[in-house]
>>> print(open('work_35.cif').read())   # mmCIF, C-alpha atoms
data_query
#
loop_
_atom_site.label_atom_id
_atom_site.label_comp_id
_atom_site.auth_asym_id
_atom_site.auth_seq_id
_atom_site.Cartn_x
_atom_site.Cartn_y
_atom_site.Cartn_z
CA MET Z 258 -13.13 -7.73 -5.01
CA GLY Z 259 -14.37 -5.05 -2.61
CA GLU Z 260 -14.20 -1.27 -2.52
CA MET Z 261 -11.58 0.77 -4.37
CA ILE Z 262 -8.04 -0.13 -3.35
CA ALA Z 263 -6.57 3.39 -3.43
CA LYS Z 264 -9.18 5.77 -2.04
CA THR Z 265 -6.28 8.03 -1.06
CA PRO Z 266 -2.66 8.13 -2.27
CA PRO Z 267 -0.71 5.06 -1.06
CA MET Z 268 1.83 5.59 1.74
CA GLY Z 269 4.80 3.37 2.45
CA TRP Z 270 8.51 2.71 1.97
CA ASN Z 271 10.50 1.50 -1.04
CA SER Z 272 14.01 0.03 -1.13
CA TRP Z 273 15.25 1.59 -4.40
CA ASN Z 274 16.44 5.08 -3.50
CA THR Z 275 18.76 4.03 -0.69
CA PHE Z 276 19.52 0.34 -1.23
CA PHE Z 277 19.43 0.05 -5.05
CA ASP Z 278 19.38 -3.71 -5.89
CA LYS Z 279 21.21 -4.65 -2.65
CA VAL Z 280 18.10 -6.05 -0.98
CA ASN Z 281 17.72 -9.15 1.17
CA ASP Z 282 15.64 -10.94 3.78
CA GLU Z 283 17.33 -9.33 6.79
CA LEU Z 284 17.06 -5.79 5.38
CA LEU Z 285 13.33 -5.99 4.69
CA CYS Z 286 12.54 -7.46 8.11
CA SER Z 287 14.63 -4.82 9.89
CA VAL Z 288 12.90 -2.06 7.92
CA ALA Z 289 9.52 -3.52 8.92
CA ASP Z 290 10.64 -3.40 12.57
CA ALA Z 291 11.72 0.23 12.18
CA MET Z 292 8.51 1.30 10.45
CA VAL Z 293 6.55 0.11 13.47
CA GLU Z 294 8.99 1.16 16.20
CA GLN Z 295 9.64 4.64 14.77
CA GLY Z 296 5.91 5.38 14.42
CA LEU Z 297 5.74 5.39 10.62
CA ALA Z 298 3.13 2.64 10.50
CA ALA Z 299 0.93 4.50 12.97
CA ALA Z 300 1.32 7.65 10.85
CA GLY Z 301 -0.17 5.84 7.84
CA TYR Z 302 2.82 4.35 6.02
CA GLN Z 303 1.49 0.85 5.40
CA TYR Z 304 3.28 -0.58 2.33
CA LEU Z 305 6.81 -2.03 2.51
CA ILE Z 306 7.93 -2.38 -1.12
CA VAL Z 307 10.95 -4.30 -2.39
CA ASP Z 308 12.10 -2.82 -5.69
CA ASP Z 309 14.31 -4.23 -8.46
CA GLY Z 310 16.94 -6.80 -7.46
CA TRP Z 311 14.89 -9.31 -5.48
CA LEU Z 312 14.75 -11.82 -8.34
CA ALA Z 313 17.12 -14.53 -9.47
CA ARG Z 314 18.58 -13.94 -12.93
CA GLN Z 315 16.56 -16.75 -14.50
CA ARG Z 316 13.02 -18.05 -14.10
CA GLU Z 317 12.50 -21.58 -12.83
CA GLU Z 318 12.07 -24.39 -15.36
CA ASN Z 319 8.30 -24.15 -14.90
CA GLY Z 320 8.47 -20.47 -15.91
CA ARG Z 321 7.83 -18.97 -12.49
CA GLN Z 322 9.73 -16.02 -11.07
CA VAL Z 323 11.94 -17.03 -8.16
CA PRO Z 324 13.63 -14.91 -5.47
CA ASP Z 325 17.42 -14.72 -5.51
CA PRO Z 326 18.41 -17.66 -3.26
CA GLU Z 327 21.39 -15.80 -1.78
CA LYS Z 328 19.36 -12.72 -0.88
CA PHE Z 329 16.31 -14.68 0.23
CA PRO Z 330 17.52 -18.10 1.38
CA ARG Z 331 14.14 -18.82 3.02
CA GLY Z 332 12.27 -17.68 -0.08
CA ILE Z 333 10.04 -14.62 -0.16
CA GLU Z 334 6.99 -16.03 1.64
CA PRO Z 335 8.45 -15.98 5.19
CA VAL Z 336 9.46 -12.35 4.66
CA ILE Z 337 5.96 -11.41 3.52
CA GLU Z 338 4.47 -13.28 6.47
CA TYR Z 339 6.77 -11.40 8.86
CA ILE Z 340 5.79 -8.05 7.34
CA HIS Z 341 2.09 -8.92 7.53
CA LYS Z 342 2.45 -9.88 11.20
CA LYS Z 343 3.82 -6.39 11.80
CA GLY Z 344 0.54 -5.00 10.50
CA LEU Z 345 2.11 -3.82 7.24
CA LYS Z 346 1.36 -4.66 3.62
CA PHE Z 347 3.92 -6.03 1.19
CA GLY Z 348 4.81 -4.61 -2.22
CA ILE Z 349 6.88 -6.26 -4.94
CA TYR Z 350 8.44 -5.13 -8.23
CA SER Z 351 8.31 -6.34 -11.81
CA CYS Z 352 8.36 -4.87 -15.30
CA CYS Z 353 6.19 -4.87 -18.43
CA GLY Z 354 9.22 -5.73 -20.60
CA THR Z 355 11.26 -8.84 -21.18
CA HIS Z 356 13.63 -7.76 -18.40
CA THR Z 357 13.48 -5.39 -15.45
CA CYS Z 358 15.56 -2.22 -15.51
CA GLY Z 359 18.28 -4.12 -13.62
CA GLY Z 360 18.30 -7.02 -16.07
CA TYR Z 361 16.21 -9.50 -14.09
CA PRO Z 362 13.33 -11.46 -15.68
CA GLY Z 363 10.42 -9.17 -16.60
CA SER Z 364 6.76 -10.10 -16.86
CA PHE Z 365 6.25 -9.73 -20.63
CA GLU Z 366 4.07 -12.68 -21.75
CA HIS Z 367 4.13 -13.96 -18.15
CA GLU Z 368 1.63 -11.48 -16.71
CA PHE Z 369 -1.11 -13.90 -15.65
CA GLU Z 370 1.21 -16.50 -14.12
CA ASP Z 371 3.19 -13.81 -12.28
CA ALA Z 372 0.02 -12.20 -10.94
CA LYS Z 373 -1.19 -15.58 -9.70
CA GLN Z 374 2.19 -16.17 -8.04
CA TYR Z 375 2.07 -12.77 -6.27
CA ALA Z 376 -1.45 -13.53 -5.04
CA GLN Z 377 -0.35 -16.91 -3.67
CA TRP Z 378 2.55 -15.27 -1.85
CA GLY Z 379 0.27 -12.64 -0.30
CA VAL Z 380 1.53 -9.59 -2.21
CA ASP Z 381 -0.55 -6.42 -1.71
CA TYR Z 382 1.13 -3.96 -4.13
CA LEU Z 383 2.91 -4.30 -7.47
CA LYS Z 384 5.23 -1.65 -8.83
CA PHE Z 385 5.29 -2.34 -12.58
CA ASP Z 386 8.15 -0.70 -14.47
CA ASN Z 387 8.57 0.13 -18.18
CA CYS Z 388 12.03 -1.15 -19.20
CA TYR Z 389 12.86 -3.47 -22.14
CA ARG Z 390 9.36 -3.27 -23.57
CA PRO Z 391 9.10 -4.57 -27.14
CA GLY Z 392 8.94 -1.51 -29.36
CA THR Z 393 5.99 -2.82 -31.34
CA THR Z 394 3.74 -3.06 -28.28
CA PRO Z 395 2.30 0.16 -26.78
CA SER Z 396 2.65 0.36 -23.03
CA GLU Z 397 -1.09 1.04 -22.80
CA VAL Z 398 -1.72 -2.55 -23.90
CA LEU Z 399 0.78 -3.99 -21.41
CA TYR Z 400 -0.54 -2.02 -18.44
CA LYS Z 401 -4.08 -3.07 -19.29
CA ARG Z 402 -2.81 -6.65 -19.47
CA ILE Z 403 -1.17 -6.68 -16.06
CA ALA Z 404 -4.19 -4.93 -14.53
CA MET Z 405 -6.42 -7.65 -15.94
CA ALA Z 406 -4.05 -10.35 -14.68
CA LEU Z 407 -4.12 -8.89 -11.16
CA ARG Z 408 -7.92 -8.74 -11.25
CA ALA Z 409 -7.96 -12.43 -12.20
CA SER Z 410 -5.48 -13.39 -9.46
CA GLY Z 411 -8.06 -13.71 -6.70
CA ARG Z 412 -6.37 -11.11 -4.47
CA GLU Z 413 -6.68 -7.35 -4.24
CA ILE Z 414 -3.29 -6.00 -5.36
CA LEU Z 415 -2.61 -2.31 -5.88
CA LEU Z 416 -1.08 -1.65 -9.30
CA ALA Z 417 1.51 1.13 -9.33
CA ALA Z 418 2.26 1.78 -12.99
CA CYS Z 419 5.84 3.07 -13.23
CA GLN Z 420 5.47 4.34 -16.78
CA TRP Z 421 7.68 7.51 -16.52
CA GLY Z 422 5.12 9.87 -18.11
CA THR Z 423 5.67 8.75 -21.71
CA GLU Z 424 3.03 8.16 -24.41
CA ASP Z 425 0.62 10.67 -22.78
CA VAL Z 426 0.08 8.18 -19.96
CA HIS Z 427 -2.10 10.65 -18.04
CA LYS Z 428 -4.74 10.49 -20.80
CA TRP Z 429 -5.34 6.72 -20.74
CA ILE Z 430 -3.97 5.24 -17.53
CA ARG Z 431 -7.19 5.49 -15.51
CA SER Z 432 -8.97 3.30 -18.07
CA SER Z 433 -6.29 0.61 -17.67
CA GLY Z 434 -7.24 -0.18 -14.09
CA ALA Z 435 -3.95 1.03 -12.55
CA HIS Z 436 -4.20 2.70 -9.14
CA THR Z 437 -1.22 5.06 -9.48
CA PHE Z 438 0.84 6.18 -12.46
CA ARG Z 439 4.40 7.46 -12.55
CA SER Z 440 4.37 10.64 -14.57
CA THR Z 441 8.03 11.68 -14.34
CA VAL Z 442 11.63 10.61 -14.75
CA ASP Z 443 13.37 9.10 -11.70
CA ILE Z 444 13.83 11.49 -8.81
CA GLN Z 445 17.28 12.36 -7.47
CA ASP Z 446 18.31 13.52 -4.02
CA SER Z 447 18.73 17.13 -5.12
CA TRP Z 448 16.74 20.36 -5.03
CA ASN Z 449 17.07 20.68 -8.80
CA SER Z 450 15.37 17.31 -9.33
CA ILE Z 451 12.59 17.98 -6.80
CA SER Z 452 11.74 21.40 -8.23
CA LYS Z 453 11.82 20.22 -11.85
CA ILE Z 454 9.49 17.30 -11.14
CA ALA Z 455 7.03 19.46 -9.22
CA LEU Z 456 6.88 22.14 -11.91
CA SER Z 457 6.51 19.54 -14.66
CA GLN Z 458 3.31 18.23 -13.07
CA MET Z 459 1.43 21.48 -12.44
CA GLU Z 460 -0.50 21.25 -15.69
CA LEU Z 461 -1.40 17.58 -15.17
CA GLN Z 462 -3.06 17.92 -11.77
CA GLY Z 463 -6.53 17.39 -13.15
CA TYR Z 464 -5.79 13.85 -14.35
CA GLY Z 465 -5.16 12.18 -10.98
CA GLY Z 466 -7.79 11.31 -8.40
CA PRO Z 467 -9.18 8.57 -6.14
CA ASP Z 468 -8.11 5.08 -7.25
CA CYS Z 469 -5.70 6.44 -9.88
CA PHE Z 470 -3.25 8.96 -8.43
CA ASN Z 471 -0.44 10.80 -10.21
CA ASP Z 472 2.82 9.41 -8.78
CA MET Z 473 5.64 11.99 -8.82
CA ASP Z 474 8.12 9.30 -7.69
CA MET Z 475 9.40 8.34 -4.27
CA LEU Z 476 10.36 10.74 -1.51
CA VAL Z 477 14.02 11.56 -0.96
CA VAL Z 478 13.31 13.22 2.40
CA GLY Z 479 16.05 12.33 4.89
CA MET Z 480 18.51 10.78 2.44
CA HIS Z 481 21.12 13.55 2.80
CA GLY Z 482 23.18 12.20 -0.09
CA LYS Z 483 23.49 8.72 1.41
CA GLY Z 484 22.64 5.42 -0.19
CA LEU Z 485 23.84 2.76 -2.61
CA ASN Z 486 21.95 4.01 -5.67
CA PRO Z 487 24.33 5.99 -7.89
CA GLU Z 488 21.41 7.48 -9.82
CA THR Z 489 19.55 8.80 -6.78
CA SER Z 490 22.17 9.65 -4.15
CA VAL Z 491 23.67 12.69 -5.84
CA GLY Z 492 24.34 15.18 -3.07
CA GLY Z 493 21.40 15.68 -0.78
CA CYS Z 494 19.19 18.56 0.30
CA THR Z 495 18.71 20.76 3.33
CA ASP Z 496 15.90 19.97 5.75
CA THR Z 497 14.14 23.10 4.49
CA GLU Z 498 14.21 21.66 0.97
CA TYR Z 499 13.02 18.27 2.21
CA GLN Z 500 10.12 19.97 3.99
CA THR Z 501 9.17 21.72 0.77
CA HIS Z 502 9.48 18.44 -1.15
CA PHE Z 503 7.13 16.72 1.30
CA ALA Z 504 4.63 19.58 1.25
CA LEU Z 505 4.55 19.63 -2.56
CA TRP Z 506 3.96 15.87 -2.81
CA ALA Z 507 1.24 16.13 -0.15
CA MET Z 508 -0.54 19.05 -1.79
CA MET Z 509 -0.30 17.48 -5.26
CA ASN Z 510 -1.81 14.15 -4.12
CA SER Z 511 1.27 12.10 -4.96
CA PRO Z 512 1.77 8.78 -3.18
CA LEU Z 513 4.02 9.26 -0.14
CA ILE Z 514 6.59 6.48 -0.52
CA ILE Z 515 9.64 6.98 1.71
CA GLY Z 516 13.06 6.27 0.19
CA CYS Z 517 15.51 6.96 3.04
CA ASP Z 518 16.86 4.42 5.54
CA VAL Z 519 14.10 4.55 8.12
CA ARG Z 520 16.29 2.72 10.63
CA SER Z 521 18.50 5.79 11.08
CA MET Z 522 16.29 8.85 10.57
CA THR Z 523 17.18 12.16 12.20
CA GLU Z 524 14.62 13.85 14.43
CA GLU Z 525 14.01 16.48 11.75
CA THR Z 526 13.35 13.76 9.14
CA LYS Z 527 10.83 12.13 11.48
CA LYS Z 528 9.18 15.48 12.09
CA ILE Z 529 8.74 16.07 8.37
CA LEU Z 530 7.57 12.57 7.44
CA MET Z 531 5.17 12.15 10.37
CA ASN Z 532 3.51 15.57 10.38
CA GLN Z 533 -0.11 14.45 10.64
CA GLU Z 534 -1.52 17.81 9.59
CA VAL Z 535 0.40 17.80 6.30
CA ILE Z 536 -0.30 14.10 5.74
CA ALA Z 537 -4.02 14.81 6.23
CA LEU Z 538 -3.97 17.15 3.21
CA ASN Z 539 -2.58 14.33 1.07
CA GLN Z 540 -4.97 11.74 2.50
CA ASP Z 541 -8.08 13.91 2.29
CA ALA Z 542 -11.11 11.80 1.39
CA ALA Z 543 -12.28 14.07 -1.43
CA GLY Z 544 -9.04 13.65 -3.41
CA HIS Z 545 -9.46 17.00 -5.16
CA SER Z 546 -6.61 18.23 -7.36
CA CYS Z 547 -4.85 21.46 -6.51
CA SER Z 548 -4.56 24.55 -8.68
CA LYS Z 549 -1.62 26.93 -9.02
CA ILE Z 550 -1.90 30.64 -8.32
CA PRO Z 551 1.09 32.71 -9.49
CA VAL Z 552 2.43 35.52 -7.31
CA TYR Z 553 2.54 38.91 -9.00
CA ALA Z 554 6.01 40.11 -10.04
CA ASN Z 555 7.89 37.08 -8.68
CA PRO Z 556 8.06 34.02 -10.97
CA ASP Z 557 9.91 32.00 -8.30
CA VAL Z 558 6.97 32.13 -5.89
CA PHE Z 559 3.60 30.43 -6.28
CA ILE Z 560 0.65 29.19 -4.28
CA LEU Z 561 -1.18 25.85 -4.48
CA GLU Z 562 -4.75 25.60 -3.22
CA LYS Z 563 -7.23 22.76 -3.04
CA PRO Z 564 -10.64 22.20 -1.46
CA LEU Z 565 -10.87 19.58 1.25
CA ALA Z 566 -13.63 17.12 2.11
CA ASN Z 567 -14.94 18.91 5.21
CA GLY Z 568 -15.25 22.32 3.55
CA ASP Z 569 -11.77 23.53 4.51
CA TYR Z 570 -9.12 24.65 2.03
CA ALA Z 571 -5.43 23.75 1.88
CA LEU Z 572 -2.99 26.49 0.88
CA GLY Z 573 0.69 25.94 0.14
CA PHE Z 574 3.05 28.90 -0.38
CA PHE Z 575 6.29 27.94 -2.15
CA ASN Z 576 9.47 29.90 -2.84
CA PHE Z 577 11.74 28.31 -5.47
CA GLY Z 578 14.03 31.36 -5.45
CA ASP Z 579 17.35 31.85 -3.68
CA ALA Z 580 16.24 34.74 -1.45
CA LYS Z 581 13.43 35.30 1.06
CA ALA Z 582 10.22 36.44 -0.59
CA LYS Z 583 6.80 37.66 0.43
CA ALA Z 584 4.06 35.54 -1.10
CA VAL Z 585 0.88 37.60 -1.32
CA LEU Z 586 -2.42 35.79 -1.82
CA ASN Z 587 -5.42 38.02 -2.42
CA PHE Z 588 -8.48 36.03 -1.38
CA TRP Z 589 -10.43 37.02 -4.48
CA ASP Z 590 -8.01 34.78 -6.40
CA LEU Z 591 -9.58 31.92 -4.42
CA GLY Z 592 -13.07 33.09 -5.37
CA LEU Z 593 -13.62 34.83 -2.03
CA SER Z 594 -14.82 38.37 -2.76
CA THR Z 595 -14.47 41.22 -0.30
CA SER Z 596 -18.24 41.73 -0.34
CA SER Z 597 -19.01 38.10 0.56
CA GLY Z 598 -18.95 38.71 4.30
CA TYR Z 599 -16.56 35.79 4.84
CA ALA Z 600 -12.96 35.57 6.03
CA LEU Z 601 -10.53 32.66 6.49
CA GLU Z 602 -9.59 31.12 9.81
CA VAL Z 603 -5.99 29.96 9.26
CA ARG Z 604 -3.88 27.21 10.85
CA ASP Z 605 -0.17 26.65 10.16
CA CYS Z 606 0.15 22.91 9.46
CA ILE Z 607 3.95 22.74 9.73
CA ALA Z 608 4.23 24.69 12.98
CA GLY Z 609 1.00 23.16 14.31
CA LYS Z 610 -0.48 26.45 15.52
CA ASP Z 611 -3.47 28.67 14.80
CA ILE Z 612 -2.77 31.95 13.01
CA GLY Z 613 -6.20 33.50 13.50
CA VAL Z 614 -8.79 35.05 11.18
CA CYS Z 615 -7.40 36.68 8.03
CA ARG Z 616 -9.38 39.08 5.86
CA GLU Z 617 -8.86 39.82 2.18
CA PHE Z 618 -5.28 38.51 1.94
CA LEU Z 619 -2.54 36.33 3.41
CA ALA Z 620 1.11 37.33 2.88
CA PRO Z 621 3.73 35.16 4.60
CA VAL Z 622 7.45 35.64 4.06
CA VAL Z 623 8.84 32.37 2.75
CA GLU Z 624 12.44 31.20 3.10
CA PRO Z 625 14.45 30.38 -0.05
CA HIS Z 626 13.50 26.88 -1.28
CA GLY Z 627 11.01 26.91 1.58
CA CYS Z 628 7.27 26.69 2.09
CA MET Z 629 4.36 27.54 4.33
CA VAL Z 630 1.33 25.24 4.49
CA TYR Z 631 -2.03 26.28 5.88
CA ARG Z 632 -5.42 24.73 6.49
CA CYS Z 633 -8.16 27.35 6.20
CA ARG Z 634 -11.83 27.46 7.14
CA LEU Z 635 -14.45 29.89 5.87
CA VAL Z 636 -15.95 31.94 8.73
CA LYS Z 637 -18.85 34.38 8.56
CA GLU Z 638 -18.10 37.85 9.78
CA GLY Z 639 -20.47 40.04 11.71
#
>>> encode(input="work_35.cif", output="structure tokens")
Amino acid sequence: MGEMIAKTPPMGWNSWNTFFDKVNDELLCSVADAMVEQGLAAAGYQYLIVDDGWLARQREENGRQVPDPEKFPRGIEPVIEYIHKKGLKFGIYSCCGTHTCGGYPGSFEHEFEDAKQYAQWGVDYLKFDNCYRPGTTPSEVLYKRIAMALRASGREILLAACQWGTEDVHKWIRSSGAHTFRSTVDIQDSWNSISKIALSQMELQGYGGPDCFNDMDMLVVGMHGKGLNPETSVGGCTDTEYQTHFALWAMMNSPLIIGCDVRSMTEETKKILMNQEVIALNQDAAGHSCSKIPVYANPDVFILEKPLANGDYALGFFNFGDAKAKAVLNFWDLGLSTSSGYALEVRDCIAGKDIGVCREFLAPVVEPHGCMVYRCRLVKEG
């Protein structure tokens, strides 16, 4: 085992939001092609993750998990090899219970043999869900068990604990050895779902960090109400709302796991998902949490700020209201006093342009359900 597996939040693509359990060999290979051809791989999206539905309904006689022979007639290994040859890493799905959420064989009491099997196949990432867990066994025990099994497998495999935020998971998950932890219910392709999830995690920002990041669930950017998953595809969002969704996940250090069909993205979806300046805030080496600054007299508007590794600061201005609003940030709320002799040199990360030097305050007008994201540098005046 080498250095930490998740120095920064993982980035990739997952099949669940759009394709539900309708996954197969051809789909995964075509997604791998698209991730490279569309520029997602070059932008940092390295994991291609097959979610629930890849398994046959029964284990083999020897107890091993086996891919569904109709969906994966060649088996799973040729698919993983193809994905690796594309320069991507492969992620797979299982569950801490007796069955997965879709009713396929779970890993309860099979953790060590499953981990060994994943290592032999060349798996790089395991999403480990929380369905059908025996009620007498705390999930803390089961996540520690699978983490130990992966450590014993002989291969570095990122453990994404999909625990849904129950049992105060944020208080103990880092000690389990997991690299990310789901802290919320499943996301839906709606503004209501995005905003609720983001607000629910504001008070838990201090628990995530390098090698154990708070996972606010997969991105729905670019889905526009499409997909085979009846739980996720519930109506869609505007591109403004998708931009806000992406900025929130980036600022809050959530893994950036795409859920739309990357083979048919619109230009606006590509622009959002491959904005290197916003991605850089998520992938910052320091991994600092952000803090929330309320905006006086407007409960629908707030600001997120976090320090970055090179001495810069990230600022996100968010408007959850239904009308345009001015979001006023007085710099003393950042700790920057008027008497300090410093100002902030500001760059708009979404527009990709420099704003200039701002003194004492910053007050952009933010569109309804919209955002502004800035990277700021302290500059000495005089």
>>> residues_around(input="work_35.cif", residues="range 498-505 of chain Z", least_positions_apart="3", cutoff="9 Å", atoms="only C-alpha atoms", output="VMD selection string")
chain Z and resid 447 to 448 451 to 452 455 476 to 479 494 to 495 508 to 511 513 526 529 to 530 535 to 536 539 561 573 575 to 576 607 625 to 630
>>> axis_aligned_box(input="work_35.cif", around="range 279-292 of chain Z", padding_each_side="4 Å", output="JSON")
{"center_x": 14.9, "center_y": -4.8, "center_z": 5.0, "size_x": 20.7, "size_y": 20.2, "size_z": 23.2}
>>> resolve_selection(input="work_35.cif", expression="the PyMOL selection byres ((chain Z and resi 614) around 10)", output="list in words")
Ala600, Leu601, Glu602, Val603, Arg604, Asp611, Ile612, Gly613, Cys615, Arg616, Cys633, Arg634, Leu635, Val636 and Glu638 of chain Z
>>> resolve_selection(input="work_35.cif", expression="the PyMOL selection byres ((chain Z and resi 551-556) around 8)", output="list in words")
Lys549, Ile550, Asp557, Val558, Phe559, Ile560, Ala584, Val585 and Leu586 of chain Z
>>> residues_around(input="work_35.cif", residues="Gly360 in chain Z", least_positions_apart="4", cutoff="9 Å", atoms="only C-alpha atoms", output="ChimeraX atom specification")
/Z:310,314,355-356,389
>>> residues_around(input="work_35.cif", residues="range 280-290 of chain Z", least_positions_apart="4", cutoff="8 Å", atoms="all atoms listed in the file", output="number ranges by chain")
Z: 272, 276, 294, 305, 307, 310-311, 328-330, 333, 336, 339-340, 343, 345, 518-520
>>> residues_around(input="work_35.cif", residues="Leu399 in chain Z", least_positions_apart="3", cutoff="10 Å", atoms="all atoms listed in the file", output="VMD selection string")
chain Z and resid 352 to 354 364 to 366 368 387 390 394 to 396 402 to 405 433
>>> atom_distance(input="work_35.cif", atom1="CA of Thr441 in chain Z", atom2="CA of Ile454 in chain Z")
6.6 Å
>>> residues_near_point(input="work_35.cif", point="(-5.7, 4.9, 2.5)", cutoff="12 Å", atoms="all atoms listed in the file", output="PyMOL selection string")
chain Z and resi 260-269+300-304+346+415+436+467-468+470+512-513+536-537+539-544
>>> atom_distance(input="work_35.cif", atom1="CA of Asp474 in chain Z", atom2="CA of Asp425 in chain Z")
16.9 Å
>>> atom_distance(input="work_35.cif", atom1="CA of Gln458 in chain Z", atom2="CA of Met473 in chain Z")
7.9 Å
>>> decode(input="work_35.cif", residues="range 348-362 of chain Z", atoms="N, CA, C and O atoms", output="PDB file, in the first residue's frame")
ATOM      1  N   GLY Z 348     -14.748   1.226 -11.261  1.00  0.00           N
ATOM      2  CA  GLY Z 348     -15.438   1.100  -9.985  1.00  0.00           C
ATOM      3  C   GLY Z 348     -16.581   0.113 -10.072  1.00  0.00           C
ATOM      4  O   GLY Z 348     -17.226  -0.025 -11.118  1.00  0.00           O
ATOM      5  N   ILE Z 349     -16.838  -0.600  -8.985  1.00  0.00           N
ATOM      6  CA  ILE Z 349     -17.885  -1.612  -8.938  1.00  0.00           C
ATOM      7  C   ILE Z 349     -18.752  -1.358  -7.714  1.00  0.00           C
ATOM      8  O   ILE Z 349     -18.407  -0.555  -6.844  1.00  0.00           O
ATOM      9  N   TYR Z 350     -19.874  -2.063  -7.632  1.00  0.00           N
ATOM     10  CA  TYR Z 350     -20.873  -1.824  -6.581  1.00  0.00           C
ATOM     11  C   TYR Z 350     -21.175  -3.106  -5.827  1.00  0.00           C
ATOM     12  O   TYR Z 350     -21.296  -4.189  -6.415  1.00  0.00           O
ATOM     13  N   SER Z 351     -21.291  -2.983  -4.513  1.00  0.00           N
ATOM     14  CA  SER Z 351     -21.852  -4.054  -3.696  1.00  0.00           C
ATOM     15  C   SER Z 351     -22.520  -3.418  -2.480  1.00  0.00           C
ATOM     16  O   SER Z 351     -22.722  -2.208  -2.441  1.00  0.00           O
ATOM     17  N   CYS Z 352     -22.852  -4.243  -1.502  1.00  0.00           N
ATOM     18  CA  CYS Z 352     -23.688  -3.774  -0.393  1.00  0.00           C
ATOM     19  C   CYS Z 352     -23.294  -4.506   0.882  1.00  0.00           C
ATOM     20  O   CYS Z 352     -22.899  -5.683   0.841  1.00  0.00           O
ATOM     21  N   CYS Z 353     -23.424  -3.816   2.024  1.00  0.00           N
ATOM     22  CA  CYS Z 353     -23.040  -4.429   3.300  1.00  0.00           C
ATOM     23  C   CYS Z 353     -24.084  -5.431   3.796  1.00  0.00           C
ATOM     24  O   CYS Z 353     -23.832  -6.167   4.752  1.00  0.00           O
ATOM     25  N   GLY Z 354     -25.249  -5.484   3.159  1.00  0.00           N
ATOM     26  CA  GLY Z 354     -26.319  -6.375   3.594  1.00  0.00           C
ATOM     27  C   GLY Z 354     -26.323  -7.702   2.866  1.00  0.00           C
ATOM     28  O   GLY Z 354     -25.426  -8.017   2.073  1.00  0.00           O
ATOM     29  N   THR Z 355     -27.357  -8.474   3.135  1.00  0.00           N
ATOM     30  CA  THR Z 355     -27.486  -9.783   2.491  1.00  0.00           C
ATOM     31  C   THR Z 355     -27.801  -9.651   1.006  1.00  0.00           C
ATOM     32  O   THR Z 355     -27.497 -10.555   0.222  1.00  0.00           O
ATOM     33  N   HIS Z 356     -28.436  -8.539   0.625  1.00  0.00           N
ATOM     34  CA  HIS Z 356     -28.747  -8.257  -0.767  1.00  0.00           C
ATOM     35  C   HIS Z 356     -28.449  -6.788  -1.059  1.00  0.00           C
ATOM     36  O   HIS Z 356     -28.449  -5.957  -0.155  1.00  0.00           O
ATOM     37  N   THR Z 357     -28.217  -6.471  -2.321  1.00  0.00           N
ATOM     38  CA  THR Z 357     -28.086  -5.083  -2.729  1.00  0.00           C
ATOM     39  C   THR Z 357     -29.476  -4.445  -2.727  1.00  0.00           C
ATOM     40  O   THR Z 357     -30.491  -5.132  -2.567  1.00  0.00           O
ATOM     41  N   CYS Z 358     -29.514  -3.141  -2.957  1.00  0.00           N
ATOM     42  CA  CYS Z 358     -30.802  -2.441  -2.956  1.00  0.00           C
ATOM     43  C   CYS Z 358     -31.719  -2.963  -4.065  1.00  0.00           C
ATOM     44  O   CYS Z 358     -32.943  -2.926  -3.939  1.00  0.00           O
ATOM     45  N   GLY Z 359     -31.127  -3.483  -5.149  1.00  0.00           N
ATOM     46  CA  GLY Z 359     -31.910  -4.041  -6.244  1.00  0.00           C
ATOM     47  C   GLY Z 359     -32.204  -5.521  -6.113  1.00  0.00           C
ATOM     48  O   GLY Z 359     -32.774  -6.123  -7.027  1.00  0.00           O
ATOM     49  N   GLY Z 360     -31.810  -6.127  -4.994  1.00  0.00           N
ATOM     50  CA  GLY Z 360     -32.116  -7.533  -4.757  1.00  0.00           C
ATOM     51  C   GLY Z 360     -31.083  -8.522  -5.253  1.00  0.00           C
ATOM     52  O   GLY Z 360     -31.345  -9.725  -5.307  1.00  0.00           O
ATOM     53  N   TYR Z 361     -29.902  -8.037  -5.606  1.00  0.00           N
ATOM     54  CA  TYR Z 361     -28.814  -8.919  -6.038  1.00  0.00           C
ATOM     55  C   TYR Z 361     -27.988  -9.339  -4.815  1.00  0.00           C
ATOM     56  O   TYR Z 361     -28.100  -8.743  -3.747  1.00  0.00           O
ATOM     57  N   PRO Z 362     -27.124 -10.347  -4.927  1.00  0.00           N
ATOM     58  CA  PRO Z 362     -26.388 -10.830  -3.759  1.00  0.00           C
ATOM     59  C   PRO Z 362     -25.482  -9.760  -3.141  1.00  0.00           C
ATOM     60  O   PRO Z 362     -24.621  -9.193  -3.826  1.00  0.00           O
TER      61      PRO Z 362
END
